[in-house]
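Quick look at input.tsv (TSV, C-alpha atoms (C1' of nucleotides)):
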```tsv
chain	number	residue	atom	x	y	z
V	1	MET	CA	66.98	136.57	67.33
V	2	ILE	CA	70.25	135.88	69.06
V	3	THR	CA	73.49	134.90	67.35
V	4	LEU	CA	76.18	132.88	69.07
V	5	GLU	CA	79.55	131.65	67.89
V	6	LEU	CA	79.98	128.07	69.03
V	7	GLU	CA	82.69	125.44	68.78
V	8	HIS	CA	81.88	121.74	68.65
V	9	PHE	CA	78.23	122.42	67.93
V	10	SER	CA	76.13	121.25	65.02
V	11	LEU	CA	72.35	121.45	64.87
V	12	ALA	CA	72.39	118.99	61.98
V	13	GLN	CA	74.45	116.42	63.88
V	14	ILE	CA	72.43	116.82	67.05
V	15	ALA	CA	69.20	116.40	65.09
V	16	ALA	CA	70.53	113.23	63.48
V	17	SER	CA	72.13	111.75	66.60
V	18	GLY	CA	68.97	110.04	67.80
V	19	GLN	CA	68.78	111.43	71.34
V	20	CYS	CA	66.10	114.07	70.68
V	21	PHE	CA	63.10	112.78	68.78
V	22	ARG	CA	61.37	116.16	68.41
V	23	MET	CA	63.98	118.04	66.42
V	24	THR	CA	63.19	118.45	62.75
V	25	LYS	CA	64.76	120.12	59.76
V	26	ASN	CA	62.69	122.81	58.05
V	27	GLU	CA	62.54	123.49	54.32
V	28	ASP	CA	64.72	126.60	54.69
V	29	GLY	CA	67.46	124.57	56.35
V	30	SER	CA	66.67	125.74	59.87
V	31	TYR	CA	65.75	123.36	62.68
V	32	THR	CA	62.81	123.31	65.04
V	33	VAL	CA	63.20	121.66	68.41
V	34	ILE	CA	60.43	121.02	70.92
V	35	ALA	CA	61.41	120.32	74.52
V	36	GLY	CA	58.68	119.84	77.09
V	37	ASP	CA	56.32	122.74	76.42
V	38	ARG	CA	58.88	124.96	74.67
V	39	CYS	CA	59.65	125.33	71.00
V	40	LEU	CA	62.72	126.89	69.42
V	41	ARG	CA	63.76	127.58	65.87
V	42	GLY	CA	67.49	127.69	65.15
V	43	SER	CA	69.75	127.93	62.16
V	44	GLN	CA	73.46	127.65	61.61
V	45	GLU	CA	76.17	128.79	59.20
V	46	GLY	CA	79.49	127.28	60.19
V	47	SER	CA	80.15	128.18	63.80
V	48	LEU	CA	77.52	130.96	63.79
V	49	VAL	CA	74.30	129.79	65.37
V	50	GLU	CA	71.08	131.80	65.40
V	51	PHE	CA	68.39	131.09	67.96
V	52	ASP	CA	64.97	132.63	67.44
V	53	CYS	CA	64.64	133.38	71.11
V	54	PRO	CA	62.19	135.91	72.57
V	55	SER	CA	64.02	136.72	75.80
V	56	LEU	CA	67.28	136.36	77.66
V	57	LYS	CA	65.58	134.13	80.19
V	58	GLU	CA	64.37	131.86	77.44
V	59	LEU	CA	67.87	131.81	75.99
V	60	GLY	CA	69.13	130.64	79.36
V	61	PHE	CA	66.98	127.55	79.09
V	62	TRP	CA	68.35	126.64	75.68
V	63	VAL	CA	71.94	127.33	76.74
V	64	GLN	CA	71.61	124.66	79.40
V	65	TYR	CA	69.51	122.43	77.12
V	66	PHE	CA	72.25	122.29	74.49
V	67	ASP	CA	74.90	122.03	77.23
V	68	LEU	CA	76.69	125.09	75.85
V	69	GLU	CA	78.69	125.67	79.04
V	70	GLU	CA	80.59	122.44	78.45
V	71	ASP	CA	83.73	122.25	76.34
V	72	TYR	CA	83.29	119.23	74.10
V	73	GLY	CA	86.81	119.69	72.80
V	74	ARG	CA	88.05	118.00	75.94
V	75	PHE	CA	86.08	114.85	75.14
V	76	ALA	CA	87.37	114.72	71.58
V	77	ALA	CA	90.93	115.38	72.79
V	78	ALA	CA	90.77	112.42	75.14
V	79	VAL	CA	90.34	109.96	72.30
V	80	ASP	CA	93.29	107.69	71.60
V	81	GLU	CA	94.85	108.80	68.29
V	82	ARG	CA	95.85	105.21	67.57
V	83	ASP	CA	92.20	104.22	67.73
V	84	ALA	CA	91.37	104.77	64.07
V	85	TYR	CA	87.73	103.86	64.42
V	86	LEU	CA	86.99	106.19	67.32
V	87	SER	CA	89.11	109.03	65.92
V	88	GLY	CA	87.04	108.83	62.76
V	89	ALA	CA	83.82	108.80	64.71
V	90	VAL	CA	84.81	111.92	66.66
V	91	ARG	CA	85.84	113.78	63.50
V	92	LEU	CA	82.54	112.88	61.88
V	93	GLY	CA	80.37	113.85	64.86
V	94	ASP	CA	82.44	116.75	66.18
V	95	GLY	CA	79.32	118.89	66.73
V	96	ILE	CA	77.39	116.41	68.83
V	97	ARG	CA	76.34	117.31	72.34
V	98	ILE	CA	74.58	115.41	75.08
V	99	LEU	CA	71.42	117.45	75.47
V	100	ARG	CA	70.04	118.11	78.94
V	101	GLN	CA	66.54	116.87	78.31
V	102	ASP	CA	63.63	116.38	80.67
V	103	LEU	CA	63.72	113.24	82.81
V	104	TRP	CA	60.10	112.20	82.27
V	105	GLU	CA	60.22	112.99	78.56
V	106	MET	CA	63.30	110.80	78.17
V	107	THR	CA	61.72	108.02	80.22
V	108	ALA	CA	58.66	107.97	78.00
V	109	SER	CA	60.61	108.48	74.78
V	110	PHE	CA	63.04	105.65	75.40
V	111	LEU	CA	60.27	103.32	76.54
V	112	ILE	CA	58.86	103.90	73.09
V	113	SER	CA	62.26	103.50	71.42
V	114	GLN	CA	62.75	99.86	72.27
V	115	ASN	CA	62.81	97.34	69.41
V	116	ASN	CA	61.76	100.21	67.16
V	117	ASN	CA	63.36	102.35	64.48
V	118	ILE	CA	64.06	106.05	64.78
V	119	ALA	CA	61.65	107.21	62.07
V	120	ARG	CA	58.81	105.35	63.71
V	121	ILE	CA	59.85	106.44	67.20
V	122	ARG	CA	59.46	110.04	66.02
V	123	ARG	CA	56.00	109.35	64.65
V	124	CYS	CA	54.93	107.53	67.81
V	125	ILE	CA	56.05	110.43	69.99
V	126	GLU	CA	54.39	112.97	67.74
V	127	ASN	CA	51.17	110.93	67.86
V	128	LEU	CA	51.43	110.77	71.64
V	129	CYS	CA	51.91	114.52	71.96
V	130	ARG	CA	49.03	115.30	69.60
V	131	SER	CA	46.79	112.89	71.40
V	132	CYS	CA	47.67	113.66	75.04
V	133	GLY	CA	49.79	116.82	75.08
V	134	GLU	CA	48.72	120.41	75.48
V	135	LYS	CA	48.23	122.39	72.30
V	136	LYS	CA	50.61	125.34	72.18
V	137	CYS	CA	51.42	128.25	69.95
V	138	THR	CA	54.74	129.99	69.29
V	139	LYS	CA	54.93	133.77	69.16
V	140	ASP	CA	54.91	133.40	65.37
V	141	GLY	CA	51.64	131.56	65.53
V	142	GLU	CA	53.01	128.09	64.83
V	143	VAL	CA	51.09	125.31	66.51
V	144	PHE	CA	52.87	122.54	68.35
V	145	TYR	CA	52.01	120.01	71.05
V	146	ALA	CA	53.79	119.88	74.38
V	147	PHE	CA	55.02	116.58	75.71
V	148	PRO	CA	52.25	115.14	77.94
V	149	GLN	CA	52.93	115.01	81.68
V	150	PRO	CA	52.74	111.59	83.37
V	151	GLU	CA	49.43	112.66	84.96
V	152	ALA	CA	47.91	112.82	81.49
V	153	LEU	CA	48.71	109.13	80.91
V	154	ALA	CA	48.35	107.59	84.37
V	155	GLY	CA	44.56	107.29	84.14
V	156	LEU	CA	44.49	105.58	80.76
V	157	ALA	CA	43.83	101.92	80.05
V	158	ASP	CA	46.93	99.82	79.33
V	159	ASP	CA	46.16	99.62	75.63
V	160	ALA	CA	44.93	103.20	75.16
V	161	LEU	CA	48.12	104.35	73.47
V	162	MET	CA	47.94	101.71	70.77
V	163	ASP	CA	45.90	104.37	69.00
V	164	CYS	CA	49.17	106.31	68.79
V	165	ASN	CA	50.75	103.22	67.17
V	166	LEU	CA	52.86	102.48	70.23
V	167	GLY	CA	52.02	98.79	69.88
V	168	TYR	CA	52.84	96.70	72.95
V	169	ARG	CA	54.77	99.64	74.41
V	170	SER	CA	51.45	101.26	75.28
V	171	ARG	CA	51.17	99.38	78.56
V	172	TYR	CA	54.82	100.08	79.40
V	173	LEU	CA	54.16	103.78	79.15
V	174	VAL	CA	50.79	103.80	80.95
V	175	ARG	CA	52.00	101.60	83.81
V	176	SER	CA	55.23	103.55	84.23
V	177	ALA	CA	53.25	106.80	84.29
V	178	LYS	CA	51.07	105.32	87.04
V	179	MET	CA	54.12	104.32	89.09
V	180	ILE	CA	55.52	107.81	88.77
V	181	VAL	CA	52.29	109.65	89.58
V	182	SER	CA	51.68	107.42	92.60
V	183	GLY	CA	55.18	108.15	93.86
V	184	GLU	CA	56.13	104.47	93.81
V	185	VAL	CA	59.01	105.69	91.67
V	186	SER	CA	59.97	109.26	92.55
V	187	LEU	CA	61.45	111.28	89.73
V	188	PRO	CA	62.45	114.19	92.02
V	189	ALA	CA	64.30	111.71	94.22
V	190	ILE	CA	65.99	110.11	91.21
V	191	ARG	CA	67.25	113.55	90.15
V	192	GLN	CA	69.24	113.71	93.38
V	193	MET	CA	70.83	110.27	92.96
V	194	ASN	CA	74.17	109.30	91.49
V	195	TYR	CA	74.33	107.15	88.36
V	196	PRO	CA	74.16	103.64	89.83
V	197	GLU	CA	71.38	104.62	92.25
V	198	ALA	CA	69.36	106.38	89.57
V	199	LYS	CA	69.73	103.48	87.16
V	200	ALA	CA	68.59	100.98	89.79
V	201	ALA	CA	65.56	103.13	90.61
V	202	LEU	CA	64.62	103.53	86.95
V	203	LEU	CA	64.86	99.77	86.40
V	204	LYS	CA	61.81	99.39	88.65
V	205	LEU	CA	59.66	101.00	85.97
V	206	TYR	CA	57.70	98.51	83.87
V	207	GLY	CA	59.30	98.27	80.45
V	208	VAL	CA	62.61	99.84	81.48
V	209	GLY	CA	65.57	97.49	81.11
V	210	GLU	CA	69.33	98.00	81.14
V	211	LYS	CA	69.59	99.81	77.83
V	212	VAL	CA	66.64	102.14	78.27
V	213	ALA	CA	67.70	102.93	81.84
V	214	ASP	CA	71.12	103.97	80.55
V	215	CYS	CA	69.56	106.18	77.87
V	216	ILE	CA	67.43	107.89	80.50
V	217	CYS	CA	70.48	108.39	82.73
V	218	LEU	CA	72.52	109.82	79.87
V	219	PHE	CA	69.95	112.05	78.20
V	220	GLY	CA	67.54	112.79	81.06
V	221	LEU	CA	69.95	113.04	83.99
V	222	HIS	CA	73.18	113.95	82.20
V	223	HIS	CA	75.09	111.11	83.82
V	224	LEU	CA	77.83	111.10	81.21
V	225	GLU	CA	79.25	107.82	82.47
V	226	ALA	CA	76.14	105.94	81.30
V	227	PHE	CA	76.96	103.87	78.21
V	228	PRO	CA	73.81	102.48	76.57
V	229	VAL	CA	74.50	99.32	74.57
V	230	ASP	CA	71.97	98.82	71.80
V	231	THR	CA	72.19	96.62	68.71
V	232	HIS	CA	74.44	99.09	66.87
V	233	ILE	CA	76.85	99.59	69.76
V	234	ARG	CA	76.88	95.84	70.38
V	235	GLN	CA	78.02	95.27	66.80
V	236	VAL	CA	80.76	97.90	67.07
V	237	LEU	CA	82.03	96.47	70.34
V	238	ASP	CA	82.20	92.98	68.82
V	239	ARG	CA	83.67	94.15	65.50
V	240	GLU	CA	86.10	96.92	66.49
V	241	TYR	CA	86.93	96.00	70.08
V	242	PRO	CA	87.07	92.18	70.28
V	243	ASP	CA	89.53	92.45	73.17
V	244	GLY	CA	87.31	94.88	75.08
V	245	PHE	CA	86.46	98.57	74.87
V	246	PRO	CA	88.86	100.87	76.78
V	247	PHE	CA	86.27	102.14	79.27
V	248	GLY	CA	89.02	103.07	81.70
V	249	ARG	CA	90.38	105.70	79.36
V	250	TYR	CA	86.98	107.41	79.12
V	251	GLU	CA	85.96	107.12	82.73
V	252	GLY	CA	83.23	109.59	83.64
V	253	PHE	CA	82.23	110.41	80.07
V	254	ALA	CA	81.91	107.11	78.21
V	255	GLY	CA	78.37	108.15	77.27
V	256	VAL	CA	79.70	111.03	75.16
V	257	ILE	CA	81.96	108.58	73.34
V	258	GLN	CA	78.99	106.27	72.88
V	259	GLN	CA	77.16	109.06	71.05
V	260	TYR	CA	80.03	109.61	68.63
V	261	ILE	CA	79.99	105.88	67.87
V	262	PHE	CA	76.22	105.73	67.54
V	263	TYR	CA	76.18	108.71	65.21
V	264	LYS	CA	78.87	107.17	62.99
V	265	GLU	CA	76.96	103.93	62.73
V	266	LEU	CA	73.79	105.86	61.90
V	267	VAL	CA	75.10	108.19	59.19
V	268	GLY	CA	78.45	106.71	58.22
E	1	DA	C1'	58.31	87.06	52.29
E	2	DT	C1'	61.47	87.68	56.04
E	3	DA	C1'	64.49	90.43	58.80
E	4	DC	C1'	65.33	94.26	61.46
E	5	DA	C1'	64.58	98.61	64.20
E	6	DG	C1'	68.42	102.84	70.11
E	7	DG	C1'	64.74	95.75	74.07
E	8	DT	C1'	62.05	93.90	77.71
E	9	DC	C1'	59.09	90.65	79.78
E	10	DT	C1'	57.65	86.00	80.70
E	11	DT	C1'	58.43	81.41	81.21
E	12	DA	C1'	60.99	77.26	81.68
E	13	DA	C1'	65.16	74.58	82.40
X	1	DT	C1'	71.11	82.39	86.53
X	2	DT	C1'	70.65	81.98	81.74
X	3	DA	C1'	68.01	81.25	77.28
X	4	DA	C1'	64.44	80.84	74.19
X	5	DG	C1'	59.84	83.14	72.47
X	6	DA	C1'	56.56	86.62	72.08
X	7	DC	C1'	55.64	91.11	70.96
X	8	DC	C1'	53.11	96.15	67.68
X	9	DT	C1'	54.43	98.34	63.53
X	10	DG	C1'	56.58	99.87	59.22
X	11	DT	C1'	60.22	99.69	55.93
X	12	DA	C1'	63.77	97.47	52.97
```
Take the structure in this file and express it as structure tokens.
Amino acid sequence: MITLELEHFSLAQIAASGQCFRMTKNEDGSYTVIAGDRCLRGSQEGSLVEFDCPSLKELGFWVQYFDLEEDYGRFAAAVDERDAYLSGAVRLGDGIRILRQDLWEMTASFLISQNNNIARIRRCIENLCRSCGEKKCTKDGEVFYAFPQPEALAGLADDALMDCNLGYRSRYLVRSAKMIVSGEVSLPAIRQMNYPEAKAALLKLYGVGEKVADCICLFGLHHLEAFPVDTHIRQVLDREYPDGFPFGRYEGFAGVIQQYIFYKELVG
DNA sequence: ATACAGGTCTTAA
DNA sequence: TTAAGACCTGTA
């Protein structure tokens, strides 16, 4: 067990912010997060955060995962005080972070997310992991399922994942997995690209459009300038910023601002 | 019953 | 290049 004192960090807000679909609240108020083939339990009282972490090396992974080296105060401080809507959003979601999640996991997860609601997205992903992921065990003996690698999906029939209730997204996921395994779309290469290059490369995947590509860039590649526009964000832009959103003011980290807005629309 | 979820693809003008 | 329609599923 390791205790850290952290500013601008909230497990509850991160869990509710809709970027990580495998983070759940436990009955005792703690949170369990599964990333790739790792599982962590964490709890929080104010700024004191406890991670149930077996080793320093393991802690290192979660430090980068939660982006703890970054000062999110600088993002909040950049917000225009006269912008009442955004100021409110930042106050409300002060503990949000852009997690550094796995590129393939984000690709698959946001393929599933399209035209879908968050509760069902979670179930779909859990079904997928149970069906195709490796069965794992924490040191405490808790069973969980790792996120399946693309190789585990590439050989399936287009409609095989309808059993996981993915619906028509089944073929998006299977075909994209094939393209990745074959090297037609190279994830290692995409990791080396800048934002516009990476987005263009991701758009070649079947089922990946503008919005999903931006989510993958933001959450799977940590390109903070990516600004995914979904139905909620679209409504906010039309309602609160009829004369245009001040992207120039938030150049380089508009995606962080997007998360504050998304969170406000979700919980507020 | 109908609309809506962190949209994208296909097809037709 | 843009615009309608179709699309799995579950909840309100």
Against chain V, which residues of chain X fall within 10 Å? For each one I want the closest pair of atoms and the distance in Å (one decimal), counting only C-alpha atoms (C1' of nucleotides), rows by chain and increasing residue number, as JSON lines.
```
{"residue": "X:DC7", "atom": "C1'", "partner": "V:Tyr168", "partner_atom": "CA", "distance": 6.6}
{"residue": "X:DC8", "atom": "C1'", "partner": "V:Gly167", "partner_atom": "CA", "distance": 3.6}
{"residue": "X:DT9", "atom": "C1'", "partner": "V:Gly167", "partner_atom": "CA", "distance": 6.8}
{"residue": "X:DG10", "atom": "C1'", "partner": "V:Arg120", "partner_atom": "CA", "distance": 7.4}
{"residue": "X:DT11", "atom": "C1'", "partner": "V:Asn117", "partner_atom": "CA", "distance": 9.5}
```
- [ ] Considering all atoms listed in the file, extract the chain E residues located within 6 Å of chain V and return them as number ranges by chain.
- [x] E: 5-8
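The interatomic distance for the pair CA of Met179 (chain V) and CA of Leu156 (chain V) works out to 12.8 Å.
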For the point (62.2, 126.9, 66.9) in the file's frame, write as a PDB file with C-alpha atoms, in the frame of the given file all residues with an atom no more than 9 Å away, counting only C-alpha atoms (C1' of nucleotides).
```pdb
ATOM      1  CA  SER V  30      66.670 125.740  59.870  1.00  0.00           C
ATOM      2  CA  TYR V  31      65.750 123.360  62.680  1.00  0.00           C
ATOM      3  CA  THR V  32      62.810 123.310  65.040  1.00  0.00           C
ATOM      4  CA  VAL V  33      63.200 121.660  68.410  1.00  0.00           C
ATOM      5  CA  ILE V  34      60.430 121.020  70.920  1.00  0.00           C
ATOM      6  CA  ARG V  38      58.880 124.960  74.670  1.00  0.00           C
ATOM      7  CA  CYS V  39      59.650 125.330  71.000  1.00  0.00           C
ATOM      8  CA  LEU V  40      62.720 126.890  69.420  1.00  0.00           C
ATOM      9  CA  ARG V  41      63.760 127.580  65.870  1.00  0.00           C
ATOM     10  CA  GLY V  42      67.490 127.690  65.150  1.00  0.00           C
ATOM     11  CA  SER V  43      69.750 127.930  62.160  1.00  0.00           C
ATOM     12  CA  PHE V  51      68.390 131.090  67.960  1.00  0.00           C
ATOM     13  CA  ASP V  52      64.970 132.630  67.440  1.00  0.00           C
ATOM     14  CA  CYS V  53      64.640 133.380  71.110  1.00  0.00           C
ATOM     15  CA  THR V 138      54.740 129.990  69.290  1.00  0.00           C
TER      16      THR V 138
END
```
- [ ] To one decimal in Å, tell me the separation between CA of Ala152 (chain V) and CA of Leu173 (chain V).
- [x]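 Taking CA of Ala152 (chain V) as the start and CA of Leu173 (chain V) as the end point, the length is 11.2 Å.
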TODO: Mind checking which residues fall within 12 Å of Ala78 (chain V), counting all atoms listed in the file, ignoring those fewer than 6 positions away in the same chain, and posting them as an MDAnalysis selection string?
DONE: chainID V and resid 72 86:87 90 246:254 256:257
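Reported to one decimal place, the separation of CA of Leu99 (chain V) from CA of Phe66 (chain V) is 5.0 Å.
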Can you list, as a CSV table (one decimal) with C-alpha atoms, in the frame of the given file, every protein, DNA or RNA residue that comes within 7 Å of Lys136 (chain V) when you count only C-alpha atoms (C1' of nucleotides), leaving out same-chain residues fewer than 2 positions away?
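Okay, out.csv is ready:
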```csv
chain,number,residue,atom,x,y,z
V,134,GLU,CA,48.7,120.4,75.5
V,138,THR,CA,54.7,130.0,69.3
V,143,VAL,CA,51.1,125.3,66.5
V,144,PHE,CA,52.9,122.5,68.4
V,145,TYR,CA,52.0,120.0,71.0
V,146,ALA,CA,53.8,119.9,74.4
```
What would region 229-255 of chain V look like with N, CA and C atoms in place, written as an mmCIF file, in the frame of the given file?
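Wrote it out as result-v9.cif, contents follow:
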```
data_model
loop_
_atom_site.group_PDB
_atom_site.id
_atom_site.type_symbol
_atom_site.label_atom_id
_atom_site.label_comp_id
_atom_site.auth_asym_id
_atom_site.auth_seq_id
_atom_site.Cartn_x
_atom_site.Cartn_y
_atom_site.Cartn_z
ATOM 1 N N VAL V 229 74.086 100.288 75.596
ATOM 2 C CA VAL V 229 74.500 99.320 74.570
ATOM 3 C C VAL V 229 73.264 98.801 73.847
ATOM 4 N N ASP V 230 73.075 99.282 72.635
ATOM 5 C CA ASP V 230 71.970 98.820 71.800
ATOM 6 C C ASP V 230 72.537 97.915 70.714
ATOM 7 N N THR V 231 71.729 97.548 69.740
ATOM 8 C CA THR V 231 72.190 96.620 68.710
ATOM 9 C C THR V 231 73.380 97.180 67.936
ATOM 10 N N HIS V 232 73.342 98.486 67.623
ATOM 11 C CA HIS V 232 74.440 99.090 66.870
ATOM 12 C C HIS V 232 75.740 99.073 67.660
ATOM 13 N N ILE V 233 75.657 99.524 68.904
ATOM 14 C CA ILE V 233 76.850 99.590 69.760
ATOM 15 C C ILE V 233 77.394 98.181 69.998
ATOM 16 N N ARG V 234 76.477 97.229 70.194
ATOM 17 C CA ARG V 234 76.880 95.840 70.380
ATOM 18 C C ARG V 234 77.745 95.364 69.206
ATOM 19 N N GLN V 235 77.280 95.677 67.998
ATOM 20 C CA GLN V 235 78.020 95.270 66.800
ATOM 21 C C GLN V 235 79.397 95.910 66.746
ATOM 22 N N VAL V 236 79.465 97.204 67.095
ATOM 23 C CA VAL V 236 80.760 97.900 67.070
ATOM 24 C C VAL V 236 81.701 97.305 68.102
ATOM 25 N N LEU V 237 81.183 97.042 69.293
ATOM 26 C CA LEU V 237 82.030 96.470 70.340
ATOM 27 C C LEU V 237 82.590 95.115 69.885
ATOM 28 N N ASP V 238 81.757 94.300 69.274
ATOM 29 C CA ASP V 238 82.200 92.980 68.820
ATOM 30 C C ASP V 238 83.172 93.086 67.651
ATOM 31 N N ARG V 239 82.891 94.040 66.740
ATOM 32 C CA ARG V 239 83.670 94.150 65.500
ATOM 33 C C ARG V 239 84.990 94.883 65.709
ATOM 34 N N GLU V 240 84.925 96.042 66.379
ATOM 35 C CA GLU V 240 86.100 96.920 66.490
ATOM 36 C C GLU V 240 86.904 96.679 67.769
ATOM 37 N N TYR V 241 86.255 96.140 68.787
ATOM 38 C CA TYR V 241 86.930 96.000 70.080
ATOM 39 C C TYR V 241 86.781 94.582 70.627
ATOM 40 N N PRO V 242 87.235 93.583 69.849
ATOM 41 C CA PRO V 242 87.070 92.180 70.280
ATOM 42 C C PRO V 242 87.777 91.884 71.597
ATOM 43 N N ASP V 243 88.817 92.678 71.909
ATOM 44 C CA ASP V 243 89.530 92.450 73.170
ATOM 45 C C ASP V 243 89.020 93.351 74.291
ATOM 46 N N GLY V 244 87.896 94.031 74.046
ATOM 47 C CA GLY V 244 87.310 94.880 75.080
ATOM 48 C C GLY V 244 87.451 96.355 74.778
ATOM 49 N N PHE V 245 86.432 97.111 75.081
ATOM 50 C CA PHE V 245 86.460 98.570 74.870
ATOM 51 C C PHE V 245 87.209 99.229 76.022
ATOM 52 N N PRO V 246 88.052 100.230 75.721
ATOM 53 C CA PRO V 246 88.860 100.870 76.780
ATOM 54 C C PRO V 246 88.047 101.834 77.650
ATOM 55 N N PHE V 247 87.123 101.293 78.421
ATOM 56 C CA PHE V 247 86.270 102.140 79.270
ATOM 57 C C PHE V 247 87.102 102.959 80.253
ATOM 58 N N GLY V 248 88.199 102.382 80.709
ATOM 59 C CA GLY V 248 89.020 103.070 81.700
ATOM 60 C C GLY V 248 89.531 104.414 81.202
ATOM 61 N N ARG V 249 89.848 104.477 79.934
ATOM 62 C CA ARG V 249 90.380 105.700 79.360
ATOM 63 C C ARG V 249 89.329 106.810 79.339
ATOM 64 N N TYR V 250 88.052 106.419 79.268
ATOM 65 C CA TYR V 250 86.980 107.410 79.120
ATOM 66 C C TYR V 250 86.091 107.463 80.358
ATOM 67 N N GLU V 251 86.705 107.177 81.485
ATOM 68 C CA GLU V 251 85.960 107.120 82.730
ATOM 69 C C GLU V 251 85.269 108.459 83.021
ATOM 70 N N GLY V 252 83.982 108.380 83.312
ATOM 71 C CA GLY V 252 83.230 109.590 83.640
ATOM 72 C C GLY V 252 82.508 110.207 82.472
ATOM 73 N N PHE V 253 82.923 109.846 81.241
ATOM 74 C CA PHE V 253 82.230 110.410 80.070
ATOM 75 C C PHE V 253 82.113 109.416 78.922
ATOM 76 N N ALA V 254 82.036 108.144 79.242
ATOM 77 C CA ALA V 254 81.910 107.110 78.210
ATOM 78 C C ALA V 254 80.647 107.322 77.373
ATOM 79 N N GLY V 255 79.623 107.916 77.981
ATOM 80 C CA GLY V 255 78.370 108.150 77.270
ATOM 81 C C GLY V 255 78.531 109.118 76.105
#
```
